[in-house]
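Asks: Quick one: the structure is below, questions incoming.
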Amino acid sequence: MRYSWSLAFAAFSLISVPGTAHATDGHLLHGVGAVNSALGGVAIASNASLLGAFYSNPAGLASFDGTNLEMGFELLKPDRTVSSTFGTMSGSTTSDSDWSPIPAFGFSTRLENGLVIGLSGLGIGGFGVNYAADPSNPILMPRPNGFGQVYSNFQLLKISPALAWKAGEKLSLGVAANIDWQSLAVDPMPIAAPDFDPGPDNRPGTQDDRSFYPSAAAADAVFGFGFQVGLQYVVSPKVTMGLAYTSPQIFTDFKFQMTHANPNLPNFGTARTVSFRMDVPAIYGVGLAVAPTERLQMGLDAKYVTYGSTEGFEAKGYAGDGSVQGFGWQDITVVAAGAQYKASNKVTLRGGYHYSGNPIPDEQSMFNIAAPAVVQHHITGGVGVAIAKGVELNVAAYKALENTITGAMFRPQAIPGTLVSNSLSETSLLLGFTFRPIK
């Protein structure tokens with residue numbers, strides 16, 4: 001099938017300006033594109049989606065003959081709430097929520113020697129909140145008594161050139177280089193040491209201190225690098241298994257240009273620079289795909305995501321200078337199941353379920369107001385319709401059910417009689433097109 005190269009170029013240009021994705025598996029999306037997302041993100045052994053292969057297991061590209069193109073976008077709306085209690089005072093605040101576009105593009109072609117080469121650009125993760133200062137909510141009381149307005153915007157994009165091949169009659173292998181880009185803005189920025197106001201007793205570090213964290217609302221963006229490898233093995237004509245590994249994605253440091261924030265000190269408003277590194281965790285995955293009939297395909301994936309040993313996520317608590325050392329996340333296990341049924345020559349029905357462990361322990365709730373990545377249960381579904389020879393229109397939707405964590409406030413130790421709760425749910429709509437060779 002011949003494709004318009006101008007169309008492919010336009011699609012790739014689209015993903016060069018990603019929207020703000022939001023968390024499902026920690027700060028990573030559970031799936032990419034309408035097909036893969038509708039199947040609950042299953043793609044390690046199942047080859048229903050080109051984008052799914054790029055995201056989870058590049059060995060899956062070896063199953064795609066000819067030249068293939070899959071492209072689309074997701075509109076995701078998170079609903080986030082933070083509540084807090086301090087003694088007899090308590091309140092709850094909802095974050096401003098908008099629909100965020102998340103684009104995805106993938107292209108592959110089989111060469112004359114049998115190798116399959118491909119290129120993808122995927123918006124794969126992020127987080128963000130926009131809480132207004134709220135005098136009735138202790139944690140969001142105007143500064144210096146609370147954090148005041150809390151804003152964050154994190155975006156993560158992955159560009160992957162990939163190579164796959166048939167190593168034998170039953171074995172397929174794949175490898176991809178990951179070129180990553182991420183952008184981060186946070187206000188207030190807790191990883192920077194605050195400007196202490198000694199308080200009435202004139203002794204820094206005591207309970208009546210008032211701390212002023214600077215703003216990093218001026219976003220910084222950095223590049224990172226890693227790789228993916230995977231295999232698929234055909235156990236029988238109806239059963240395929242897969243293994244996949246995504247290396248840690250190592251980034252350069254964010255460098256935030258900010259100013260001293262305490263109006264009571266002589267250095268107020270003067271410049272300062274703070275650095276912070278935040279990598280993407282390694283992911284280990286195993287999958288199973290079963291095709292009981294020609295019309296029905298089912299898949300099951302399990303992943304292990306290593307947040308607990310990832311720079312920027314593993315450290316927790318306060319440093320001696322009052323800065324927060326990291327998000328304090330833990331490793332998570334992810335399980336996904338999906339199925340698609342070809343109801344007719346033109347219509348394919350899809351559905352799935354996706355479970356993600358919660359990476360944020362309850363005691364880290366206060367430290368993750370800006371990144372409440374706590375959703376666990378995802379219900380997914382979609383439909384594909386052949387609208388022309390070799391062209392399929394895919395639509396999908398999913399709901400990430402609300403989850404809440406609750407922990408104490410810290411200054412720097414846990415304060416008795418205090419609570420901070422973070423709640424998150426998500427609603428998403430997806431639209432995409434798949435272009436396949438005409439047989």
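Quick note on naming: the chains in the structure tokens go A, B, ... in the order shown, residues restart at 1 in each chain, and ligands are numbered from 1 in order of appearance.
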Quick one: residues within 8 Å of A:Gln364, only C-alpha atoms counted, chain neighbours fewer than 3 positions away excluded, as a VMD selection string?

Replies: chain A and resid 316 327 to 328 360 to 361 367 to 368 407

Asks: Would you pick out the contacts of A:Ala339 at 12 Å or less, using only C-alpha atoms, so that residues sharing its chain but fewer than 6 positions from it are not included, and give the list as a PyMOL selection string?

Replies: chain A and resi 35-43+46-48+288-292+295-301+348-353+380-383

Asks: Create the file for the chosen residues now, containing N, CA and C atoms and written as a CSV table (one decimal), in the first residue's frame.

Replies:
chain,number,residue,atom,x,y,z
A,35,VAL,N,-6.2,1.7,20.0
A,35,VAL,CA,-6.3,0.3,20.0
A,35,VAL,C,-5.7,-0.3,21.3
A,36,ASN,N,-4.4,0.1,21.6
A,36,ASN,CA,-3.7,-0.4,22.8
A,36,ASN,C,-4.4,0.0,24.1
A,37,SER,N,-4.9,1.2,24.2
A,37,SER,CA,-5.6,1.7,25.4
A,37,SER,C,-6.9,0.9,25.6
A,38,ALA,N,-7.6,0.7,24.5
A,38,ALA,CA,-8.9,-0.1,24.6
A,38,ALA,C,-8.7,-1.5,25.1
A,39,LEU,N,-7.5,-2.1,24.8
A,39,LEU,CA,-7.2,-3.4,25.3
A,39,LEU,C,-6.5,-3.5,26.6
A,40,GLY,N,-6.6,-2.4,27.4
A,40,GLY,CA,-6.1,-2.3,28.7
A,40,GLY,C,-4.6,-2.1,28.7
A,41,GLY,N,-4.0,-1.8,27.6
A,41,GLY,CA,-2.5,-1.7,27.5
A,41,GLY,C,-1.8,-3.0,27.2
A,42,VAL,N,-2.5,-4.1,26.9
A,42,VAL,CA,-1.8,-5.3,26.6
A,42,VAL,C,-1.1,-5.3,25.3
A,43,ALA,N,0.2,-5.6,25.3
A,43,ALA,CA,1.0,-5.6,24.0
A,43,ALA,C,2.3,-6.3,24.1
A,46,SER,N,0.8,-9.8,22.6
A,46,SER,CA,-0.3,-9.5,21.6
A,46,SER,C,0.1,-8.4,20.6
A,47,ASN,N,-0.2,-8.6,19.4
A,47,ASN,CA,0.2,-7.7,18.3
A,47,ASN,C,-0.9,-7.1,17.6
A,48,ALA,N,-1.9,-6.6,18.4
A,48,ALA,CA,-3.1,-6.0,17.8
A,48,ALA,C,-2.8,-4.5,17.4
A,288,LEU,N,1.2,-12.9,27.6
A,288,LEU,CA,0.7,-14.1,27.0
A,288,LEU,C,-0.5,-13.7,26.1
A,289,ALA,N,-0.5,-14.2,24.9
A,289,ALA,CA,-1.6,-13.9,23.9
A,289,ALA,C,-2.2,-15.3,23.5
A,290,VAL,N,-3.5,-15.3,23.4
A,290,VAL,CA,-4.2,-16.5,23.0
A,290,VAL,C,-5.2,-16.1,22.0
A,291,ALA,N,-5.3,-16.9,20.9
A,291,ALA,CA,-6.3,-16.7,19.9
A,291,ALA,C,-7.1,-18.0,19.7
A,292,PRO,N,-8.2,-18.1,20.5
A,292,PRO,CA,-9.0,-19.4,20.4
A,292,PRO,C,-9.6,-19.6,19.1
A,295,ARG,N,-11.4,-15.0,15.0
A,295,ARG,CA,-12.1,-13.8,15.3
A,295,ARG,C,-11.8,-13.2,16.7
A,296,LEU,N,-11.4,-14.1,17.6
A,296,LEU,CA,-11.2,-13.7,19.0
A,296,LEU,C,-9.7,-13.8,19.4
A,297,GLN,N,-9.2,-12.7,19.9
A,297,GLN,CA,-7.8,-12.6,20.4
A,297,GLN,C,-7.9,-12.1,21.9
A,298,MET,N,-7.1,-12.7,22.7
A,298,MET,CA,-7.0,-12.3,24.1
A,298,MET,C,-5.6,-12.2,24.6
A,299,GLY,N,-5.3,-11.3,25.5
A,299,GLY,CA,-3.9,-11.1,26.0
A,299,GLY,C,-3.9,-10.8,27.5
A,300,LEU,N,-2.8,-11.1,28.1
A,300,LEU,CA,-2.5,-10.8,29.5
A,300,LEU,C,-1.1,-10.4,29.7
A,301,ASP,N,-0.9,-9.2,30.3
A,301,ASP,CA,0.4,-8.7,30.6
A,301,ASP,C,0.7,-8.5,32.1
A,348,THR,N,-14.5,-4.3,14.7
A,348,THR,CA,-13.8,-5.0,15.7
A,348,THR,C,-14.1,-4.4,17.1
A,349,LEU,N,-14.5,-5.2,18.0
A,349,LEU,CA,-14.9,-4.8,19.3
A,349,LEU,C,-13.7,-5.1,20.3
A,350,ARG,N,-13.4,-4.1,21.2
A,350,ARG,CA,-12.3,-4.3,22.1
A,350,ARG,C,-12.7,-3.9,23.5
A,351,GLY,N,-12.1,-4.6,24.5
A,351,GLY,CA,-12.3,-4.2,25.9
A,351,GLY,C,-11.1,-4.7,26.8
A,352,GLY,N,-11.0,-4.2,28.0
A,352,GLY,CA,-9.9,-4.6,28.8
A,352,GLY,C,-10.0,-4.0,30.2
A,353,TYR,N,-9.1,-4.5,31.1
A,353,TYR,CA,-9.0,-4.1,32.5
A,353,TYR,C,-7.5,-3.9,32.8
A,380,THR,N,-11.5,-0.2,30.3
A,380,THR,CA,-11.2,0.3,29.0
A,380,THR,C,-12.1,-0.4,28.0
A,381,GLY,N,-12.3,0.3,26.8
A,381,GLY,CA,-13.1,-0.3,25.7
A,381,GLY,C,-13.0,0.5,24.5
A,382,GLY,N,-13.4,0.0,23.3
A,382,GLY,CA,-13.3,0.7,22.1
A,382,GLY,C,-13.8,-0.2,20.9
A,383,VAL,N,-13.8,0.5,19.8
A,383,VAL,CA,-14.3,-0.2,18.5
A,383,VAL,C,-13.4,0.3,17.4

Asks: Can you tell me, as a list in words, what residues are no more than 8 Å from stretch 211-218 of chain A when counting only C-alpha atoms, ignoring any on the same chain fewer than 4 positions away?

Replies: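 Counting only C-alpha atoms, the residues come to Arg143, Pro144, Tyr151, Ser152, Ala185, Val186, Asp187, Pro188, Met189, Pro190, Ala192, Ala193, Pro194, Asp195, Phe196, Asp197, Phe256, Gln257, Met258, Thr259, His260, Ala261 and Asn262 of chain A.
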
Asks: When you look at A:Leu111 with a cut-off of 10 Å (counting only C-alpha atoms), what residues show up, excluding the ones that are within fewer than 5 positions of it in the same chain? I need them as a compact mmCIF listing (two decimals) with N, CA and C atoms, in the first residue's frame.

Replies:
# COMPACT_ATOMS: atom_id res chain seq x y z
N ASP A 65 3.67 -7.02 8.45
CA ASP A 65 4.19 -7.10 7.08
C ASP A 65 3.97 -5.79 6.35
N GLY A 66 4.77 -5.57 5.30
CA GLY A 66 4.60 -4.38 4.47
C GLY A 66 4.89 -3.11 5.25
N THR A 67 4.18 -2.06 4.87
CA THR A 67 4.35 -0.75 5.50
C THR A 67 3.08 -0.42 6.28
N VAL A 116 12.43 -5.57 9.97
CA VAL A 116 11.40 -4.54 10.10
C VAL A 116 12.01 -3.36 10.83
N ILE A 117 11.91 -2.19 10.24
CA ILE A 117 12.38 -0.97 10.88
C ILE A 117 11.18 -0.08 11.17

Asks: For stretch 181-183 of chain A, find every residue with an atom within 8 Å (counting only C-alpha atoms), except residues of its own chain fewer than 3 positions away, and show them as a list in words.

Replies: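 After dropping sequence-adjacent residues, the list is Asn153, Phe154, Gln155, Leu156, Leu157, Lys158, Ala219, Asp220, Ala221, Val222, Phe223 and Gly224 of chain A.
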
Asks: Looking at only C-alpha atoms, which of A:Val305, A:Leu184, A:Val274, A:Ala59 is the one that sits closest to A:Gly357?

Replies: A:Val305

Asks: Quick one: of A:Gly322, A:Gly72, A:Pro281, A:Gly60, who's nearest to A:Gly308, counting only C-alpha atoms?

Replies: A:Pro281

Asks: Nearest to A:Ile283 among A:Gly91, A:Gly230, A:Gly317, A:Gly126, with distances taken over only C-alpha atoms: which residue is it?

Replies: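 Smallest separation from A:Ile283 among the options: A:Gly230.
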
Asks: Excluding A:Ala319 and residues on its chain fewer than 6 positions from it, collect all residues at most 10 Å away from it, counting only C-alpha atoms, and give them as an mmCIF file with N, CA, C and O atoms, in the first residue's frame.

Replies:
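The result, stored in part.cif:
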data_model
loop_
_atom_site.group_PDB
_atom_site.id
_atom_site.type_symbol
_atom_site.label_atom_id
_atom_site.label_comp_id
_atom_site.auth_asym_id
_atom_site.auth_seq_id
_atom_site.Cartn_x
_atom_site.Cartn_y
_atom_site.Cartn_z
ATOM 1 N N ILE A 191 11.894 20.808 46.291
ATOM 2 C CA ILE A 191 13.235 20.213 46.275
ATOM 3 C C ILE A 191 14.313 21.275 46.469
ATOM 4 O O ILE A 191 15.489 20.952 46.614
ATOM 5 N N ALA A 193 15.919 24.244 48.850
ATOM 6 C CA ALA A 193 15.935 24.611 50.269
ATOM 7 C C ALA A 193 15.116 25.884 50.466
ATOM 8 O O ALA A 193 15.279 26.862 49.740
ATOM 9 N N GLN A 325 13.701 15.644 49.590
ATOM 10 C CA GLN A 325 14.726 14.906 48.856
ATOM 11 C C GLN A 325 14.200 14.175 47.627
ATOM 12 O O GLN A 325 14.968 13.866 46.718
ATOM 13 N N GLY A 326 12.908 13.879 47.567
ATOM 14 C CA GLY A 326 12.355 13.171 46.420
ATOM 15 C C GLY A 326 10.898 12.832 46.665
ATOM 16 O O GLY A 326 10.322 13.160 47.711
ATOM 17 N N PRO A 412 9.683 19.037 60.596
ATOM 18 C CA PRO A 412 9.894 18.039 59.556
ATOM 19 C C PRO A 412 9.351 16.662 59.941
ATOM 20 O O PRO A 412 9.259 15.777 59.121
#

Asks: With the cut-off set at 12 Å and counting only C-alpha atoms, tabulate each residue of stretch 234-343 of chain A with an atom at most that distance from an atom of stretch 49-53 of chain A, showing the nearest atom pair and its distance in Å to one decimal, ordered by chain and increasing number, as JSON lines.

Replies:
{"residue": "A:Gly242", "atom": "CA", "partner": "A:Ala53", "partner_atom": "CA", "distance": 11.1}
{"residue": "A:Leu243", "atom": "CA", "partner": "A:Ala53", "partner_atom": "CA", "distance": 11.9}
{"residue": "A:Ala244", "atom": "CA", "partner": "A:Ala53", "partner_atom": "CA", "distance": 10.3}
{"residue": "A:Asp301", "atom": "CA", "partner": "A:Gly52", "partner_atom": "CA", "distance": 12.0}
{"residue": "A:Gln340", "atom": "CA", "partner": "A:Ser49", "partner_atom": "CA", "distance": 11.2}

Asks: Print the selection's residues with all heavy atoms to a file, as an mmCIF file, in the first residue's frame.

Replies:
data_model
loop_
_atom_site.group_PDB
_atom_site.id
_atom_site.type_symbol
_atom_site.label_atom_id
_atom_site.label_comp_id
_atom_site.auth_asym_id
_atom_site.auth_seq_id
_atom_site.Cartn_x
_atom_site.Cartn_y
_atom_site.Cartn_z
ATOM 1 N N GLY A 242 5.571 -13.518 25.463
ATOM 2 C CA GLY A 242 6.510 -12.433 25.228
ATOM 3 C C GLY A 242 7.234 -12.013 26.491
ATOM 4 O O GLY A 242 6.701 -12.145 27.599
ATOM 5 N N LEU A 243 8.450 -11.539 26.315
ATOM 6 C CA LEU A 243 9.246 -10.961 27.390
ATOM 7 C C LEU A 243 9.773 -9.611 26.921
ATOM 8 O O LEU A 243 10.154 -9.472 25.744
ATOM 9 C CB LEU A 243 10.415 -11.867 27.776
ATOM 10 C CG LEU A 243 10.096 -13.245 28.352
ATOM 11 C CD1 LEU A 243 11.377 -14.063 28.502
ATOM 12 C CD2 LEU A 243 9.390 -13.108 29.705
ATOM 13 N N ALA A 244 9.808 -8.621 27.814
ATOM 14 C CA ALA A 244 10.274 -7.298 27.423
ATOM 15 C C ALA A 244 10.974 -6.620 28.588
ATOM 16 O O ALA A 244 10.647 -6.854 29.758
ATOM 17 C CB ALA A 244 9.098 -6.437 26.946
ATOM 18 N N ASP A 301 -0.888 -9.249 30.338
ATOM 19 C CA ASP A 301 0.447 -8.708 30.587
ATOM 20 C C ASP A 301 0.661 -8.489 32.078
ATOM 21 O O ASP A 301 -0.280 -8.167 32.812
ATOM 22 C CB ASP A 301 0.643 -7.357 29.895
ATOM 23 C CG ASP A 301 0.877 -7.479 28.400
ATOM 24 O OD1 ASP A 301 0.900 -8.610 27.883
ATOM 25 O OD2 ASP A 301 1.026 -6.421 27.754
ATOM 26 N N GLN A 340 -10.076 -8.652 21.926
ATOM 27 C CA GLN A 340 -10.764 -8.047 20.808
ATOM 28 C C GLN A 340 -11.470 -9.130 19.992
ATOM 29 O O GLN A 340 -10.969 -10.244 19.844
ATOM 30 C CB GLN A 340 -9.822 -7.226 19.937
ATOM 31 C CG GLN A 340 -8.801 -7.982 19.130
ATOM 32 C CD GLN A 340 -8.029 -7.055 18.182
ATOM 33 O OE1 GLN A 340 -7.992 -5.836 18.355
ATOM 34 N NE2 GLN A 340 -7.421 -7.625 17.160
#

Asks: Between A:Lys238, A:His378, A:Lys439, A:Arg272, single out the one closest to A:Ala397, counting only C-alpha atoms.

Replies: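 Closest residue, counting only C-alpha atoms: A:His378.
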
Asks: Can you pull out the residues contacting A:Ala104? Cut-off 8 Å, using only C-alpha atoms, and skip same-chain residues under 4 positions away; I want them as a PDB file with N, CA, C and O atoms, in the first residue's frame.

Replies:
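And here's result-v7.pdb as it stands now:
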ATOM      1  N   ILE A  15       3.275  15.177  16.987  1.00  0.00           N
ATOM      2  CA  ILE A  15       3.731  14.701  18.292  1.00  0.00           C
ATOM      3  C   ILE A  15       4.909  15.501  18.821  1.00  0.00           C
ATOM      4  O   ILE A  15       5.319  15.323  19.950  1.00  0.00           O
ATOM      5  N   VAL A  32      -0.975   3.334  24.893  1.00  0.00           N
ATOM      6  CA  VAL A  32      -0.880   4.446  23.947  1.00  0.00           C
ATOM      7  C   VAL A  32      -1.724   4.141  22.717  1.00  0.00           C
ATOM      8  O   VAL A  32      -1.727   3.023  22.200  1.00  0.00           O
ATOM      9  N   GLY A  33      -2.432   5.145  22.236  1.00  0.00           N
ATOM     10  CA  GLY A  33      -3.259   4.975  21.057  1.00  0.00           C
ATOM     11  C   GLY A  33      -4.579   4.306  21.377  1.00  0.00           C
ATOM     12  O   GLY A  33      -4.751   3.645  22.405  1.00  0.00           O
ATOM     13  N   LEU A  51       1.344   0.792  17.763  1.00  0.00           N
ATOM     14  CA  LEU A  51       1.776   1.682  18.833  1.00  0.00           C
ATOM     15  C   LEU A  51       2.050   0.904  20.117  1.00  0.00           C
ATOM     16  O   LEU A  51       2.982   1.228  20.861  1.00  0.00           O
ATOM     17  N   MET A  71      -1.681   6.245  13.972  1.00  0.00           N
ATOM     18  CA  MET A  71      -1.569   7.587  14.513  1.00  0.00           C
ATOM     19  C   MET A  71      -2.884   7.965  15.191  1.00  0.00           C
ATOM     20  O   MET A  71      -3.938   7.392  14.905  1.00  0.00           O
ATOM     21  N   GLY A  72      -2.813   8.905  16.107  1.00  0.00           N
ATOM     22  CA  GLY A  72      -4.018   9.368  16.767  1.00  0.00           C
ATOM     23  C   GLY A  72      -3.691  10.249  17.944  1.00  0.00           C
ATOM     24  O   GLY A  72      -2.545  10.660  18.149  1.00  0.00           O
ATOM     25  N   PHE A  73      -4.715  10.530  18.733  1.00  0.00           N
ATOM     26  CA  PHE A  73      -4.497  11.338  19.924  1.00  0.00           C
ATOM     27  C   PHE A  73      -5.510  10.947  20.990  1.00  0.00           C
ATOM     28  O   PHE A  73      -6.545  10.345  20.717  1.00  0.00           O
ATOM     29  N   SER A 120       8.686   5.776  16.124  1.00  0.00           N
ATOM     30  CA  SER A 120       7.480   6.247  16.809  1.00  0.00           C
ATOM     31  C   SER A 120       7.793   7.494  17.606  1.00  0.00           C
ATOM     32  O   SER A 120       8.933   7.748  17.997  1.00  0.00           O
ATOM     33  N   GLY A 121       6.756   8.265  17.871  1.00  0.00           N
ATOM     34  CA  GLY A 121       6.804   9.397  18.782  1.00  0.00           C
ATOM     35  C   GLY A 121       5.574   9.328  19.661  1.00  0.00           C
ATOM     36  O   GLY A 121       4.445   9.407  19.168  1.00  0.00           O
ATOM     37  N   LEU A 122       5.776   9.151  20.951  1.00  0.00           N
ATOM     38  CA  LEU A 122       4.669   8.868  21.859  1.00  0.00           C
ATOM     39  C   LEU A 122       4.703   9.795  23.065  1.00  0.00           C
ATOM     40  O   LEU A 122       5.736   9.936  23.722  1.00  0.00           O
ATOM     41  N   GLY A 123       3.572  10.416  23.371  1.00  0.00           N
ATOM     42  CA  GLY A 123       3.395  11.032  24.670  1.00  0.00           C
ATOM     43  C   GLY A 123       3.064   9.927  25.650  1.00  0.00           C
ATOM     44  O   GLY A 123       2.040   9.257  25.510  1.00  0.00           O
TER      45      GLY A 123
END

Asks: If you run DSSP on this backbone, which residues of stretch 42-272 of chain A come out as strand (DSSP E or B), and could you give them as number ranges by chain?

Replies: A: 67-86, 89-94, 100-110, 116-131, 150-166, 171-187, 195-197, 210-212, 216-236, 239-246, 249-251, 254-259, 271-272
